[in-house]
Amino acid sequence: RLQKLKEMFISKFGSAPKFYARAPGRVNLIGEHIDYCGYAVLPMAIEQDILVAVEPVQTQVVQLANTNSSYLDFSTSVNNIQINKTKPQWHNYFLCGLKGIQEHFGLNNPTGMNCLLDGTIPPSSGLSSSSALVCCAGLVTLRANGKTLSKVELAEICTKSERYIGTEGGGMDQSISFLAEEGTAKLIEFSPLRATDVRLPSGATFVIANSCVEMNKAATSHYNIRVMECRLATKLLSKSKGLDWKKMLRLHDVQTRLGVSLEEMLTIVEEVLHPEPYSAEEICKCLGISLEELRSQILSQNMQDVSTFKLYQRAKHVYSEAARVLEFKKICSEAPANALQLLGELMKQSHISCREMYECSCPELDRLVDICLQFGAIGSRLTGAGWGGCTVSMVPTDKLNTFLKNVKKAYYQTDGQRLAEENNSLFATKPGRGALVFVEA
């Protein structure tokens with residue numbers, strides 16, 4: 001693959017690349033939609049990745065090309081980076097990483113670059129191809145400009161800079177992309193960012209299955225509405241407990257300030273919030289503010305027209321999912337005889353919560369989860385933002401081949417479009433290593 005990339009680079013730019021950078025995609029085993037609420041998640045890097053060949057150049061121009069001809073070439077001056085939020089095109093994700101590094105170091109005369117990208121992560125599949133691209137761009141810009149940062153600093157800069165495209169992400173994708181290590185999943189905790197190894201039990205293999213329903217986070221408001229609903233739930237819970245609600249942004253902050261367990265937070269949600277959706281007017285009444293204040297001080301620009309918010313359901317999902325992550329890690333550490341059954345149960349509960357409380361599933365994902373469980377998965381759930389994308393299933397290793405054959409037949413071979421995509425859509429994976437730069441010997 002590297003040789004092929006090099007040859008394409010030479011025919012495209014007329015000279016050889018000076019170095020390469022790679023950033024992996026990821027699968028989240030458990031802990032969906034809770035990183036931006038301040039809670040730990042449990043992902044692992046996958047072998048699929050974004051690979052980029054780079055040649056720093058004297059002109060202050062960045063030229064981007066892609067081995068996939070459906071992604072058009074792009075070039076821009078490094079001194080005038082414009083990121084178009086309305087159209088999340090592939091090059092804009094690269095520009096996010098580039099801009100993040102430039103701003104961090106205050107680079108006045110950044111180095112120009114010729115870059116050729118190659119990706120093996122299925123796009124819009126919930127395996128984080130966009131964040132891998134941002135991370136790769138950050139790494140490339142760092143190297144081309146002769147700067148150094150720790151992996152943690154890089155992850156934090158790339159998390160912030162991906163928001164230039166309008167996605168209010170929490171940092172899981174960028175963190176695992178840099179901090180991953182081969183052979184182990186990671187518990188990733190935030191503020192401060194740290195990663196702890198989680199050894200997955202032997203006897204099972206994780207299988208990714210793509211629903212073939214594309215979901216582009218930045219192009220949809222579903223994702224950002226959920227972020228806002230969690231923020232509003234934080235405010236109402238804080239106010240009911242006499243905390244300074246104006247300063248509280250994440251559901252984790254409420255738990256920390258109250259000094260209670262996740263189970264106790266679930267009880268508080270039951271007491272304080274009602275299951276019926278809240279209108280903007282009711283939220284104002286609860287907080288004692290005007291509609292004008294709600295719109296200007298709390299709701300983001302793209303949320304001004306949303307009229308109802310489901311706070312009870314979102315908070316219930318977040319606190320219960322945060323508890324499942326800690327339980328998952330504990331089972332992996334203690335490795336009881338029935339570890340696989342226990343982990344499988346947590347994955348199933350997570351999917352039900354994503355489907356019913358967070359409403360981020362879709363009929364195809366639900367069907368795929370059912371098929372995977374029917375054909376022998378011990379646990380199965382959607383992974384990534386949802387609304388399409390992939391499922392992850394834990395399958396006994398000795399039943400892997402039969403499982404793959406049956407799922408192929410039941411889900412992919414019944415539909416022409418899925419059949420065309422089946423080779424990249426169903427695969428076993430193991431924890432891969434994180435992002436790196438390498439130079440030809």
# chains A, B, ... in the order shown; residues from 1 in each chain; ligands from 1
$ closest_atom_pairs --of "range 186-235 of chain A" --to "range 34-37 of chain A" --cutoff "12 Å" --atoms "only C-alpha atoms" --output "CSV"
residue,atom,partner,partner_atom,distance
A:Leu187,CA,A:Asp35,CA,11.4
A:Ile188,CA,A:Asp35,CA,8.9
A:Glu189,CA,A:Asp35,CA,8.3
A:Phe190,CA,A:Asp35,CA,7.7
A:Ser191,CA,A:Asp35,CA,10.7
A:Leu193,CA,A:Asp35,CA,11.1
A:Tyr223,CA,A:Tyr36,CA,11.0
A:Asn224,CA,A:Tyr36,CA,10.6
A:Arg226,CA,A:Tyr36,CA,10.0
A:Val227,CA,A:Tyr36,CA,7.2
A:Met228,CA,A:Cys37,CA,10.3
A:Glu229,CA,A:Cys37,CA,10.7
A:Cys230,CA,A:Cys37,CA,7.2
A:Arg231,CA,A:Cys37,CA,8.1
A:Leu232,CA,A:Cys37,CA,11.5
A:Ala233,CA,A:Cys37,CA,10.7
A:Thr234,CA,A:Cys37,CA,9.2
$ write_last_selection --atoms "all heavy atoms" --output "tab-separated table (two decimals), in the first residue's frame"
chain	number	residue	atom	x	y	z
A	187	LEU	N	-9.55	2.72	28.49
A	187	LEU	CA	-10.54	3.55	29.18
A	187	LEU	C	-10.01	4.96	29.04
A	187	LEU	O	-8.90	5.26	29.49
A	187	LEU	CB	-10.65	3.19	30.67
A	187	LEU	CG	-11.64	4.07	31.44
A	187	LEU	CD1	-13.07	3.62	31.20
A	187	LEU	CD2	-11.36	4.06	32.94
A	188	ILE	N	-10.78	5.84	28.39
A	188	ILE	CA	-10.32	7.22	28.20
A	188	ILE	C	-11.13	8.14	29.09
A	188	ILE	O	-12.36	8.18	29.02
A	188	ILE	CB	-10.41	7.61	26.73
A	188	ILE	CG1	-9.42	6.73	25.97
A	188	ILE	CG2	-10.09	9.09	26.54
A	188	ILE	CD1	-9.05	7.15	24.62
A	189	GLU	N	-10.42	8.85	29.97
A	189	GLU	CA	-11.08	9.79	30.88
A	189	GLU	C	-10.69	11.21	30.46
A	189	GLU	O	-9.64	11.41	29.87
A	189	GLU	CB	-10.64	9.53	32.32
A	189	GLU	CG	-11.04	8.14	32.81
A	189	GLU	CD	-10.32	7.75	34.10
A	189	GLU	OE1	-9.19	7.24	34.03
A	189	GLU	OE2	-10.91	7.97	35.17
A	190	PHE	N	-11.56	12.16	30.79
A	190	PHE	CA	-11.35	13.55	30.33
A	190	PHE	C	-11.15	14.49	31.50
A	190	PHE	O	-11.57	14.22	32.61
A	190	PHE	CB	-12.57	14.00	29.51
A	190	PHE	CG	-12.79	13.10	28.32
A	190	PHE	CD1	-13.71	12.06	28.39
A	190	PHE	CD2	-12.05	13.26	27.16
A	190	PHE	CE1	-13.90	11.21	27.31
A	190	PHE	CE2	-12.24	12.41	26.08
A	190	PHE	CZ	-13.16	11.39	26.16
A	191	SER	N	-10.56	15.61	31.20
A	191	SER	CA	-10.24	16.71	32.13
A	191	SER	C	-9.74	16.24	33.50
A	191	SER	O	-10.52	16.19	34.39
A	191	SER	CB	-11.39	17.70	32.32
A	191	SER	OG	-12.64	17.21	32.00
A	193	LEU	N	-7.11	14.62	30.48
A	193	LEU	CA	-7.18	13.50	29.57
A	193	LEU	C	-6.19	12.42	29.99
A	193	LEU	O	-5.00	12.70	30.15
A	193	LEU	CB	-6.86	13.99	28.15
A	193	LEU	CG	-6.83	12.96	27.02
A	193	LEU	CD1	-8.17	12.26	26.90
A	193	LEU	CD2	-6.47	13.62	25.71
A	223	TYR	N	-27.12	15.27	16.16
A	223	TYR	CA	-26.00	15.15	17.11
A	223	TYR	C	-25.92	16.39	18.01
A	223	TYR	O	-25.88	16.29	19.22
A	223	TYR	CB	-24.71	14.97	16.30
A	223	TYR	CG	-23.48	14.75	17.16
A	223	TYR	CD1	-23.09	13.46	17.50
A	223	TYR	CD2	-22.71	15.82	17.61
A	223	TYR	CE1	-21.96	13.25	18.28
A	223	TYR	CE2	-21.59	15.61	18.37
A	223	TYR	CZ	-21.21	14.33	18.71
A	223	TYR	OH	-20.08	14.13	19.48
A	224	ASN	N	-25.93	17.56	17.37
A	224	ASN	CA	-25.79	18.80	18.16
A	224	ASN	C	-27.00	19.05	19.05
A	224	ASN	O	-26.87	19.66	20.12
A	224	ASN	CB	-25.52	19.98	17.23
A	224	ASN	CG	-24.12	19.92	16.64
A	224	ASN	OD1	-23.25	19.21	17.15
A	224	ASN	ND2	-23.88	20.65	15.56
A	226	ARG	N	-28.61	16.70	20.62
A	226	ARG	CA	-28.38	15.86	21.81
A	226	ARG	C	-27.40	16.55	22.77
A	226	ARG	O	-27.58	16.51	23.98
A	226	ARG	CB	-27.83	14.47	21.42
A	226	ARG	CG	-28.75	13.61	20.58
A	226	ARG	CD	-30.05	13.27	21.25
A	226	ARG	NE	-30.87	12.37	20.44
A	226	ARG	CZ	-31.64	12.75	19.43
A	226	ARG	NH1	-31.72	14.04	19.08
A	226	ARG	NH2	-32.36	11.87	18.75
A	227	VAL	N	-26.37	17.15	22.21
A	227	VAL	CA	-25.39	17.85	23.05
A	227	VAL	C	-26.12	18.95	23.84
A	227	VAL	O	-25.92	19.12	25.05
A	227	VAL	CB	-24.26	18.48	22.19
A	227	VAL	CG1	-23.29	19.28	23.06
A	227	VAL	CG2	-23.49	17.39	21.43
A	228	MET	N	-27.00	19.67	23.16
A	228	MET	CA	-27.74	20.76	23.79
A	228	MET	C	-28.72	20.24	24.83
A	228	MET	O	-28.87	20.83	25.91
A	228	MET	CB	-28.47	21.57	22.70
A	228	MET	CG	-29.06	22.87	23.19
A	228	MET	SD	-27.89	23.90	24.12
A	228	MET	CE	-26.75	24.35	22.80
A	229	GLU	N	-29.41	19.14	24.54
A	229	GLU	CA	-30.36	18.57	25.50
A	229	GLU	C	-29.64	18.16	26.79
A	229	GLU	O	-30.14	18.37	27.89
A	229	GLU	CB	-31.09	17.36	24.89
A	229	GLU	CG	-32.13	17.81	23.85
A	229	GLU	CD	-32.76	16.66	23.09
A	229	GLU	OE1	-32.05	15.69	22.73
A	229	GLU	OE2	-33.97	16.72	22.82
A	230	CYS	N	-28.43	17.62	26.65
A	230	CYS	CA	-27.65	17.24	27.83
A	230	CYS	C	-27.25	18.48	28.63
A	230	CYS	O	-27.26	18.48	29.86
A	230	CYS	CB	-26.41	16.45	27.42
A	230	CYS	SG	-26.82	14.81	26.80
A	231	ARG	N	-26.93	19.55	27.90
A	231	ARG	CA	-26.54	20.81	28.58
A	231	ARG	C	-27.74	21.39	29.33
A	231	ARG	O	-27.61	21.86	30.47
A	231	ARG	CB	-26.02	21.80	27.55
A	231	ARG	CG	-25.35	23.02	28.19
A	231	ARG	CD	-24.65	23.88	27.17
A	231	ARG	NE	-23.62	23.13	26.47
A	231	ARG	CZ	-23.04	23.54	25.33
A	231	ARG	NH1	-23.41	24.69	24.78
A	231	ARG	NH2	-22.11	22.82	24.75
A	232	LEU	N	-28.91	21.35	28.71
A	232	LEU	CA	-30.11	21.87	29.37
A	232	LEU	C	-30.50	21.01	30.58
A	232	LEU	O	-30.89	21.55	31.62
A	232	LEU	CB	-31.28	21.93	28.37
A	232	LEU	CG	-31.13	23.00	27.27
A	232	LEU	CD1	-32.16	22.77	26.17
A	232	LEU	CD2	-31.27	24.42	27.84
A	233	ALA	N	-30.36	19.69	30.45
A	233	ALA	CA	-30.64	18.79	31.59
A	233	ALA	C	-29.70	19.13	32.75
A	233	ALA	O	-30.10	19.17	33.91
A	233	ALA	CB	-30.48	17.34	31.17
A	234	THR	N	-28.44	19.42	32.40
A	234	THR	CA	-27.44	19.82	33.41
A	234	THR	C	-27.91	21.05	34.18
A	234	THR	O	-27.86	21.11	35.41
A	234	THR	CB	-26.08	20.14	32.72
A	234	THR	OG1	-25.65	18.98	32.03
A	234	THR	CG2	-25.03	20.58	33.71
$ residues_around --residues "Pro201 in chain A" --least-positions-apart "3" --cutoff "12 Å" --atoms "only C-alpha atoms" --output "PyMOL selection string"
chain A and resi 183-185+198+204-206+328-344+394-397+430
$ write_last_selection --atoms "N, CA, C and O atoms" --output "compact mmCIF listing (two decimals), in the first residue's frame"
# COMPACT_ATOMS: atom_id res chain seq x y z
N GLY A 183 -3.16 -4.31 20.83
CA GLY A 183 -3.48 -5.38 21.78
C GLY A 183 -4.32 -4.99 22.97
O GLY A 183 -4.68 -5.84 23.78
N THR A 184 -4.64 -3.70 23.11
CA THR A 184 -5.44 -3.31 24.28
C THR A 184 -6.46 -2.23 23.92
O THR A 184 -6.17 -1.35 23.12
N ALA A 185 -7.65 -2.36 24.50
CA ALA A 185 -8.62 -1.25 24.41
C ALA A 185 -8.19 -0.23 25.47
O ALA A 185 -7.27 -0.49 26.24
N VAL A 198 -7.18 -1.52 28.94
CA VAL A 198 -8.23 -2.46 29.33
C VAL A 198 -8.01 -3.72 28.48
O VAL A 198 -8.19 -3.71 27.27
N ALA A 204 -13.09 -14.33 22.76
CA ALA A 204 -14.08 -13.60 21.96
C ALA A 204 -13.37 -12.66 21.00
O ALA A 204 -12.27 -12.18 21.26
N THR A 205 -14.05 -12.38 19.89
CA THR A 205 -13.52 -11.48 18.86
C THR A 205 -14.57 -10.39 18.63
O THR A 205 -15.77 -10.67 18.69
N PHE A 206 -14.11 -9.17 18.40
CA PHE A 206 -15.05 -8.09 18.11
C PHE A 206 -15.23 -7.97 16.59
O PHE A 206 -14.25 -7.96 15.84
N PHE A 328 -17.95 -2.39 32.74
CA PHE A 328 -17.26 -3.11 31.66
C PHE A 328 -15.76 -3.23 31.99
O PHE A 328 -15.17 -4.31 31.90
N LYS A 329 -15.19 -2.11 32.40
CA LYS A 329 -13.76 -2.11 32.74
C LYS A 329 -13.49 -3.03 33.93
O LYS A 329 -12.51 -3.78 33.97
N LYS A 330 -14.37 -2.97 34.93
CA LYS A 330 -14.21 -3.79 36.15
C LYS A 330 -14.24 -5.29 35.79
O LYS A 330 -13.40 -6.07 36.26
N ILE A 331 -15.17 -5.67 34.92
CA ILE A 331 -15.27 -7.08 34.53
C ILE A 331 -14.00 -7.51 33.79
O ILE A 331 -13.46 -8.59 34.03
N CYS A 332 -13.49 -6.63 32.90
CA CYS A 332 -12.25 -6.96 32.18
C CYS A 332 -11.07 -7.12 33.15
O CYS A 332 -10.24 -8.01 32.98
N SER A 333 -11.02 -6.28 34.18
CA SER A 333 -9.92 -6.35 35.16
C SER A 333 -10.02 -7.61 36.02
O SER A 333 -9.02 -8.28 36.28
N GLU A 334 -11.24 -7.90 36.49
CA GLU A 334 -11.40 -9.03 37.42
C GLU A 334 -11.49 -10.38 36.71
O GLU A 334 -11.25 -11.41 37.33
N ALA A 335 -11.88 -10.35 35.44
CA ALA A 335 -11.98 -11.56 34.61
C ALA A 335 -12.66 -12.75 35.29
O ALA A 335 -12.06 -13.81 35.44
N PRO A 336 -13.91 -12.61 35.74
CA PRO A 336 -14.61 -13.76 36.32
C PRO A 336 -14.88 -14.82 35.23
O PRO A 336 -14.75 -14.52 34.04
N ALA A 337 -15.26 -16.02 35.64
CA ALA A 337 -15.49 -17.11 34.69
C ALA A 337 -16.55 -16.76 33.64
O ALA A 337 -16.45 -17.16 32.48
N ASN A 338 -17.57 -16.00 34.05
CA ASN A 338 -18.64 -15.64 33.10
C ASN A 338 -18.46 -14.24 32.53
O ASN A 338 -19.44 -13.57 32.17
N ALA A 339 -17.20 -13.77 32.42
CA ALA A 339 -16.92 -12.40 31.94
C ALA A 339 -17.59 -12.09 30.61
O ALA A 339 -18.20 -11.03 30.45
N LEU A 340 -17.51 -13.01 29.65
CA LEU A 340 -18.07 -12.73 28.32
C LEU A 340 -19.57 -12.50 28.38
O LEU A 340 -20.09 -11.58 27.74
N GLN A 341 -20.28 -13.32 29.17
CA GLN A 341 -21.73 -13.15 29.30
C GLN A 341 -22.06 -11.79 29.91
O GLN A 341 -22.96 -11.09 29.45
N LEU A 342 -21.29 -11.42 30.94
CA LEU A 342 -21.54 -10.14 31.63
C LEU A 342 -21.30 -8.95 30.70
O LEU A 342 -22.08 -8.01 30.65
N LEU A 343 -20.21 -9.02 29.94
CA LEU A 343 -19.90 -7.93 29.00
C LEU A 343 -20.95 -7.86 27.89
O LEU A 343 -21.38 -6.77 27.49
N GLY A 344 -21.38 -9.04 27.43
CA GLY A 344 -22.40 -9.09 26.38
C GLY A 344 -23.70 -8.44 26.84
O GLY A 344 -24.34 -7.70 26.09
N MET A 394 -19.68 -8.85 20.00
CA MET A 394 -18.67 -9.71 20.62
C MET A 394 -19.07 -11.15 20.32
O MET A 394 -20.16 -11.59 20.69
N VAL A 395 -18.18 -11.85 19.61
CA VAL A 395 -18.51 -13.18 19.08
C VAL A 395 -17.50 -14.20 19.62
O VAL A 395 -16.30 -13.92 19.61
N PRO A 396 -17.97 -15.38 20.07
CA PRO A 396 -17.00 -16.40 20.50
C PRO A 396 -16.08 -16.73 19.33
O PRO A 396 -16.54 -16.98 18.22
N THR A 397 -14.76 -16.70 19.58
CA THR A 397 -13.79 -16.86 18.50
C THR A 397 -13.99 -18.16 17.73
O THR A 397 -13.85 -18.19 16.51
N LYS A 430 -9.10 -6.30 15.81
CA LYS A 430 -8.48 -6.37 17.14
C LYS A 430 -7.85 -5.02 17.44
O LYS A 430 -7.63 -4.23 16.52
$ select_by_dssp --residues "range 298-375 of chain A" --states "alpha helix (DSSP H)" --output "number ranges by chain"
A: 311-334, 339-356, 363-374
$ closest_residue --among "A:Tyr164, A:Asn210, A:Ser393, A:Ala40" --to "Gln82 in chain A" --atoms "only C-alpha atoms"
A:Tyr164
$ select_by_dssp --residues "range 295-415 of chain A" --states "strand (DSSP E)" --output "list in words"
Thr308, Phe309, Gly379, Ser380, Arg381, Leu382, Thr383, Cys390, Thr391, Val392, Ser393, Met394, Val395 and Pro396 of chain A
$ closest_residue --among "A:Gly171, A:Gly38, A:Gly25, A:Gly31" --to "Val254 in chain A" --atoms "only C-alpha atoms"
A:Gly38
$ residues_around --residues "Ser261 in chain A" --least-positions-apart "5" --cutoff "12 Å" --atoms "only C-alpha atoms" --output "list in words"
His252, Val254, Gln255, Thr256, Leu266, Thr267, Ile268, Tyr319, Ser320, Ala322, Ala323 and Leu326 of chain A
$ write_last_selection --atoms "N, CA, C and O atoms" --output "PDB file, in the first residue's frame"
ATOM      1  N   HIS A 252     -21.665  15.465  33.978  1.00  0.00           N
ATOM      2  CA  HIS A 252     -20.635  15.005  34.924  1.00  0.00           C
ATOM      3  C   HIS A 252     -20.397  16.035  36.033  1.00  0.00           C
ATOM      4  O   HIS A 252     -20.160  15.688  37.189  1.00  0.00           O
ATOM      5  N   VAL A 254     -22.504  17.962  37.473  1.00  0.00           N
ATOM      6  CA  VAL A 254     -23.551  17.901  38.502  1.00  0.00           C
ATOM      7  C   VAL A 254     -23.207  16.793  39.495  1.00  0.00           C
ATOM      8  O   VAL A 254     -23.255  16.988  40.713  1.00  0.00           O
ATOM      9  N   GLN A 255     -22.832  15.629  38.954  1.00  0.00           N
ATOM     10  CA  GLN A 255     -22.493  14.505  39.830  1.00  0.00           C
ATOM     11  C   GLN A 255     -21.300  14.853  40.729  1.00  0.00           C
ATOM     12  O   GLN A 255     -21.320  14.607  41.932  1.00  0.00           O
ATOM     13  N   THR A 256     -20.280  15.454  40.136  1.00  0.00           N
ATOM     14  CA  THR A 256     -19.073  15.816  40.894  1.00  0.00           C
ATOM     15  C   THR A 256     -19.410  16.794  42.015  1.00  0.00           C
ATOM     16  O   THR A 256     -18.996  16.612  43.155  1.00  0.00           O
ATOM     17  N   LEU A 266     -29.171   8.819  38.883  1.00  0.00           N
ATOM     18  CA  LEU A 266     -30.347   8.293  38.168  1.00  0.00           C
ATOM     19  C   LEU A 266     -31.622   8.527  38.982  1.00  0.00           C
ATOM     20  O   LEU A 266     -32.668   8.873  38.428  1.00  0.00           O
ATOM     21  N   THR A 267     -31.515   8.374  40.286  1.00  0.00           N
ATOM     22  CA  THR A 267     -32.677   8.638  41.163  1.00  0.00           C
ATOM     23  C   THR A 267     -33.051  10.115  41.114  1.00  0.00           C
ATOM     24  O   THR A 267     -34.233  10.476  41.046  1.00  0.00           O
ATOM     25  N   ILE A 268     -32.026  10.984  41.130  1.00  0.00           N
ATOM     26  CA  ILE A 268     -32.275  12.433  41.076  1.00  0.00           C
ATOM     27  C   ILE A 268     -32.967  12.804  39.756  1.00  0.00           C
ATOM     28  O   ILE A 268     -33.898  13.610  39.731  1.00  0.00           O
ATOM     29  N   TYR A 319     -26.202   8.882  32.363  1.00  0.00           N
ATOM     30  CA  TYR A 319     -25.770   8.360  33.669  1.00  0.00           C
ATOM     31  C   TYR A 319     -25.729   6.828  33.685  1.00  0.00           C
ATOM     32  O   TYR A 319     -24.827   6.241  34.280  1.00  0.00           O
ATOM     33  N   SER A 320     -26.674   6.183  32.999  1.00  0.00           N
ATOM     34  CA  SER A 320     -26.652   4.713  33.003  1.00  0.00           C
ATOM     35  C   SER A 320     -25.514   4.187  32.123  1.00  0.00           C
ATOM     36  O   SER A 320     -24.840   3.219  32.463  1.00  0.00           O
ATOM     37  N   ALA A 322     -22.668   5.763  31.504  1.00  0.00           N
ATOM     38  CA  ALA A 322     -21.406   6.017  32.235  1.00  0.00           C
ATOM     39  C   ALA A 322     -21.148   4.901  33.242  1.00  0.00           C
ATOM     40  O   ALA A 322     -20.010   4.444  33.422  1.00  0.00           O
ATOM     41  N   ALA A 323     -22.215   4.411  33.889  1.00  0.00           N
ATOM     42  CA  ALA A 323     -22.079   3.314  34.860  1.00  0.00           C
ATOM     43  C   ALA A 323     -21.698   2.013  34.145  1.00  0.00           C
ATOM     44  O   ALA A 323     -20.874   1.232  34.639  1.00  0.00           O
ATOM     45  N   LEU A 326     -17.890   1.826  33.415  1.00  0.00           N
ATOM     46  CA  LEU A 326     -17.078   1.461  34.593  1.00  0.00           C
ATOM     47  C   LEU A 326     -17.235  -0.019  34.926  1.00  0.00           C
ATOM     48  O   LEU A 326     -16.273  -0.694  35.295  1.00  0.00           O
TER      49      LEU A 326
END
$ residues_around --residues "range 74-77 of chain A" --least-positions-apart "2" --cutoff "12 Å" --atoms "only C-alpha atoms" --output "ChimeraX atom specification"
/A:59-66,71-72,79-83,89-92,94-95,98-99,109-117
$ residues_around --residues "range 289-305 of chain A" --least-positions-apart "5" --cutoff "8 Å" --atoms "only C-alpha atoms" --output "number ranges by chain"
A: 221, 225, 228, 280-281, 284
$ atom_distance --atom1 "CA of Cys135 in chain A" --atom2 "CA of Pro192 in chain A"
19.2 Å
$ closest_residue --among "A:Gln3, A:Gln417, A:Gln48, A:Ser361" --to "Arg433 in chain A" --atoms "only C-alpha atoms"
A:Gln48
